[in-house]
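The structure under discussion appears below in the form of structure tokens.
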Amino acid sequence: MTRKLIILGYFLFSIMGIAQVYKPIDTADYLQRKAFLYNFNAHSEAFIKGLRSQYSGRTSSELSKIYKQLGTDFEGKVKNKDFVFKSEFDAVIKSLIERLRKNNPRVPKDLKILIARDNTPNAYCLADGTFVINMGLYNWLDNEEQVAAVISHELGHQIDEHTPKMILSIVEQNKQDKSTVQDINETTDSKSLSRNQKAFDILKDRIYKEGVEKRKQEMQADSLGYVIFKNSDFKKNEFVNALQKLQTFDTISSRELKVETYKKLFDLPKQSFKEKWLKKEDFSLYNYNFYKEKLNKDSLASHPEMVRRIERLEKIFPELKAFIDPEKPSEAYMLLKKTAKMEILPNYFHSEDYGVGIYTAMQFLQDGEEEKYYKSWLGKYFAKIYEARKNYNLNRYLDRIESKNQSESYQQFLNFMWNLSLDEIKNIADFYKANETLAKVN
Ligand SMILES: [Zn+2]
């Protein structure tokens, strides 16, 4: 009896110990993935069949070639586990779409929702009605009204069939200029595969990246999206608040990493901190104003025309002119925001952005957040950096220093990382991996 109690006590104790550390979203979703792919492929086939009956000759064959390629590309992402199939985001997103559909019969009924392991605040729709929502939206936006605003904008694209129209216009343009589509052949020969990939990347750029046509589509999606949004029960002005918020997004946080943080995290029992790790390359080239200017240009370039888009919306819908502070988020939103935040490190790990991941973990640790959790991630990331360094391909996972394009803090970080020797990296990895095991036992 006593022994049982002790075992039970130990069991409860260890469960509580683990419960303190966040457990990343489960990726053991093989069955869901399989079922999704089955339906996705069936839909794609039906869609392409439809195209074949709608168009004839070269247009028909080029269109089906492009859609097949896009389908294979997306299938690859699903297989690569770029999406999570079992998460608390699903139900919430579904209910947001339900709310948007209520007074908007044009919103399609059979949308399939996928949550992407991606920290950038973005969403997109595929031709077959698959709706992809990046977790990053929850990190960046203030409340669920703003998430609904982004979804409305995407629904605008979907209802107006922007992607199919864009693809059709590319195919028709190509009747004169055959280069792009013709380069893509269905082949399994590895030499032509890489050439194929290049041609396909160019094509994807033409479909999704900015151009005059694309800019027009963005504005149309804004107007139609806003109409959908305001017909529902959301706070109108959050639509503009969402656009404004997206405009200020940058992949690498501009928060400064202090020297004390390096010393705190990398002065280890078996390896004391070395000042030379922080040695920087010549900083006389560094010009803060130049960087600032570039930063502004970049954020406008990666969110093109956002200012103009907002101005245009306000012109068509004058009620949007008044600035209203963002709504206070609901508790449910804050919970998802917390999940999205805790998934930042697993997400960067998944996309193999090891350098950015360590930089982000160090920022969280500087703020004193979830110490056990972020330290265990440091162990995993440094183990990957060690492997890469050993195999001479660290370049792939860690940025090079570009004195004009990065913040001073990020350059300091890159200097530190590149200054570490192979053994030093291994010691850091081992220390934090041991830390991880310790966290599990406690
Ligand atoms: Zn858009």
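Ordering of the structure tokens sets the chain letters (A, B, ...), residue numbers begin anew at 1 in every chain, and ligands are numbered from 1 in the order given.
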Could you give me, as a PDB file with all heavy atoms, in the first residue's frame, the residues within 7 Å of Asp82 of chain A, counting only C-alpha atoms and dropping anything in the same chain fewer than 2 positions from it?
ATOM      1  N   LYS A  77       4.816  19.619 -49.553  1.00  0.00           N
ATOM      2  CA  LYS A  77       4.778  20.363 -48.287  1.00  0.00           C
ATOM      3  C   LYS A  77       4.006  19.602 -47.220  1.00  0.00           C
ATOM      4  O   LYS A  77       4.389  19.585 -46.055  1.00  0.00           O
ATOM      5  CB  LYS A  77       4.122  21.727 -48.495  1.00  0.00           C
ATOM      6  CG  LYS A  77       4.987  22.686 -49.269  1.00  0.00           C
ATOM      7  CD  LYS A  77       4.310  24.027 -49.390  1.00  0.00           C
ATOM      8  CE  LYS A  77       5.226  24.987 -50.149  1.00  0.00           C
ATOM      9  NZ  LYS A  77       4.564  26.254 -50.396  1.00  0.00           N
ATOM     10  N   VAL A  78       2.905  18.994 -47.629  1.00  0.00           N
ATOM     11  CA  VAL A  78       2.112  18.215 -46.669  1.00  0.00           C
ATOM     12  C   VAL A  78       2.943  17.058 -46.146  1.00  0.00           C
ATOM     13  O   VAL A  78       2.997  16.806 -44.944  1.00  0.00           O
ATOM     14  CB  VAL A  78       0.807  17.691 -47.308  1.00  0.00           C
ATOM     15  CG1 VAL A  78       0.043  16.796 -46.345  1.00  0.00           C
ATOM     16  CG2 VAL A  78      -0.069  18.852 -47.761  1.00  0.00           C
ATOM     17  N   ASN A  80       6.099  16.857 -46.006  1.00  0.00           N
ATOM     18  CA  ASN A  80       7.202  17.391 -45.218  1.00  0.00           C
ATOM     19  C   ASN A  80       6.738  17.882 -43.831  1.00  0.00           C
ATOM     20  O   ASN A  80       7.514  18.455 -43.075  1.00  0.00           O
ATOM     21  CB  ASN A  80       7.848  18.550 -45.995  1.00  0.00           C
ATOM     22  CG  ASN A  80       9.130  19.022 -45.375  1.00  0.00           C
ATOM     23  OD1 ASN A  80       9.943  18.213 -44.919  1.00  0.00           O
ATOM     24  ND2 ASN A  80       9.318  20.332 -45.311  1.00  0.00           N
ATOM     25  N   VAL A  84       0.118  21.390 -39.445  1.00  0.00           N
ATOM     26  CA  VAL A  84      -0.285  20.548 -38.320  1.00  0.00           C
ATOM     27  C   VAL A  84      -1.779  20.252 -38.460  1.00  0.00           C
ATOM     28  O   VAL A  84      -2.571  21.131 -38.775  1.00  0.00           O
ATOM     29  CB  VAL A  84       0.018  21.195 -36.948  1.00  0.00           C
ATOM     30  CG1 VAL A  84       1.510  21.252 -36.718  1.00  0.00           C
ATOM     31  CG2 VAL A  84      -0.591  22.572 -36.834  1.00  0.00           C
ATOM     32  N   ALA A 116      -0.396  26.196 -40.860  1.00  0.00           N
ATOM     33  CA  ALA A 116       0.992  26.015 -41.290  1.00  0.00           C
ATOM     34  C   ALA A 116       1.984  26.334 -40.183  1.00  0.00           C
ATOM     35  O   ALA A 116       1.811  27.284 -39.433  1.00  0.00           O
ATOM     36  CB  ALA A 116       1.281  26.890 -42.512  1.00  0.00           C
ATOM     37  N   ARG A 117       3.050  25.496 -40.113  1.00  0.00           N
ATOM     38  CA  ARG A 117       4.186  25.748 -39.221  1.00  0.00           C
ATOM     39  C   ARG A 117       5.020  26.863 -39.802  1.00  0.00           C
ATOM     40  O   ARG A 117       6.088  26.630 -40.337  1.00  0.00           O
ATOM     41  CB  ARG A 117       5.062  24.500 -39.168  1.00  0.00           C
ATOM     42  CG  ARG A 117       4.536  23.383 -38.336  1.00  0.00           C
ATOM     43  CD  ARG A 117       5.674  22.566 -37.759  1.00  0.00           C
ATOM     44  NE  ARG A 117       5.189  21.767 -36.659  1.00  0.00           N
ATOM     45  CZ  ARG A 117       5.059  22.223 -35.417  1.00  0.00           C
ATOM     46  NH1 ARG A 117       5.415  23.456 -35.124  1.00  0.00           N
ATOM     47  NH2 ARG A 117       4.598  21.454 -34.462  1.00  0.00           N
TER      48      ARG A 117
END
I'd like the neighbourhood of segment 222-226 of chain A as number ranges by chain, where a residue qualifies if any of its atoms comes within 6 Å (using only C-alpha atoms), though same-chain residues fewer than 6 positions away should be ignored. A: 152-153, 156
Please indicate the distance in Å from atom CA of Ala332 of chain A to atom CA of Asn241 of chain A, rounded to one decimal place.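 Answer for the atom CA of Ala332 of chain A to atom CA of Asn241 of chain A separation: 19.9 Å.
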Kindly provide the residues of chain A that approach ligand 1 to within 8 Å, each paired with its closest atom pair and their distance in Å to one decimal, based on only C-alpha atoms and all ligand atoms, listed by chain and increasing number, as CSV.
residue,atom,partner,partner_atom_place_in_ligand_line,distance
A:Tyr124,CA,ligand 1,1 (Zn),7.7
A:His153,CA,ligand 1,1 (Zn),6.3
A:Glu154,CA,ligand 1,1 (Zn),6.0
A:His157,CA,ligand 1,1 (Zn),6.6
A:Gln217,CA,ligand 1,1 (Zn),7.2
A:Glu218,CA,ligand 1,1 (Zn),4.8
A:Ala221,CA,ligand 1,1 (Zn),6.2
A:Asp222,CA,ligand 1,1 (Zn),7.5
For the residues in that selection, give me N, CA and C atoms as a CSV table (one decimal), in the first residue's frame.
chain,number,residue,atom,x,y,z
A,124,TYR,N,-3.1,31.9,-47.2
A,124,TYR,CA,-3.4,31.9,-48.6
A,124,TYR,C,-4.4,30.8,-48.9
A,153,HIS,N,-9.9,38.9,-46.5
A,153,HIS,CA,-9.1,39.4,-47.6
A,153,HIS,C,-8.8,38.1,-48.5
A,154,GLU,N,-8.4,37.0,-47.9
A,154,GLU,CA,-8.2,35.8,-48.7
A,154,GLU,C,-9.4,35.3,-49.4
A,157,HIS,N,-9.9,37.0,-52.6
A,157,HIS,CA,-9.1,36.4,-53.7
A,157,HIS,C,-9.9,35.2,-54.2
A,217,GLN,N,-5.2,43.0,-58.0
A,217,GLN,CA,-5.9,41.9,-57.3
A,217,GLN,C,-5.9,42.1,-55.8
A,218,GLU,N,-4.8,42.7,-55.3
A,218,GLU,CA,-4.7,42.9,-53.8
A,218,GLU,C,-5.8,43.9,-53.4
A,221,ALA,N,-9.2,42.3,-53.6
A,221,ALA,CA,-9.4,41.4,-52.4
A,221,ALA,C,-9.7,42.3,-51.1
A,222,ASP,N,-9.0,43.4,-51.0
A,222,ASP,CA,-9.3,44.3,-49.9
A,222,ASP,C,-10.7,44.7,-49.9
At a cut-off of 12 Å, using only C-alpha atoms, what residues contact Asn347 of chain A? Leave out same-chain residues fewer than 6 positions from it and give the result as a list of chain:residue names.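 Close residues of Asn347 of chain A: A:Pro24, A:Ile25, A:Thr27, A:Lys81, A:Asp82, A:Phe83, A:Val84, A:Ile115, A:Ala116, A:Arg117, A:Asp118, A:Asn119, A:Thr120, A:Asn134, A:Met135, A:Gly136, A:Thr339, A:Ala340, A:Lys341, A:Asp353, A:Tyr354, A:Val356, A:Gly357, A:Thr360, A:Trp377, A:Tyr381.
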Enter the distance from atom CA of Gln244 of chain A to atom CA of Ala322 of chain A, in Å, rounded to one decimal.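 The value is 13.5 Å.
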Smallest atom-to-atom distance to Lys209 of chain A: which of A:Leu265, A:Thr163, A:Leu37, A:Asp325, using only C-alpha atoms?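 Nearest to Lys209 of chain A: A:Thr163.
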Among segment 48-249 of chain A, which ones does DSSP place in strand (DSSP E), written as a list in words?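 DSSP-assigned strand (DSSP E) residues in segment 48-249 of chain A: Phe83, Val84, Lys112, Ile113, Leu114, Ile115, Ala116, Ala123, Tyr124, Cys125, Thr130, Phe131, Val132, Ile133 and Asn134 of chain A.
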So how far away is atom CA of Glu402 of chain A from atom CA of Leu257 of chain A, in Å?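 Between atom CA of Leu257 of chain A and atom CA of Glu402 of chain A the gap is 17.6 Å.
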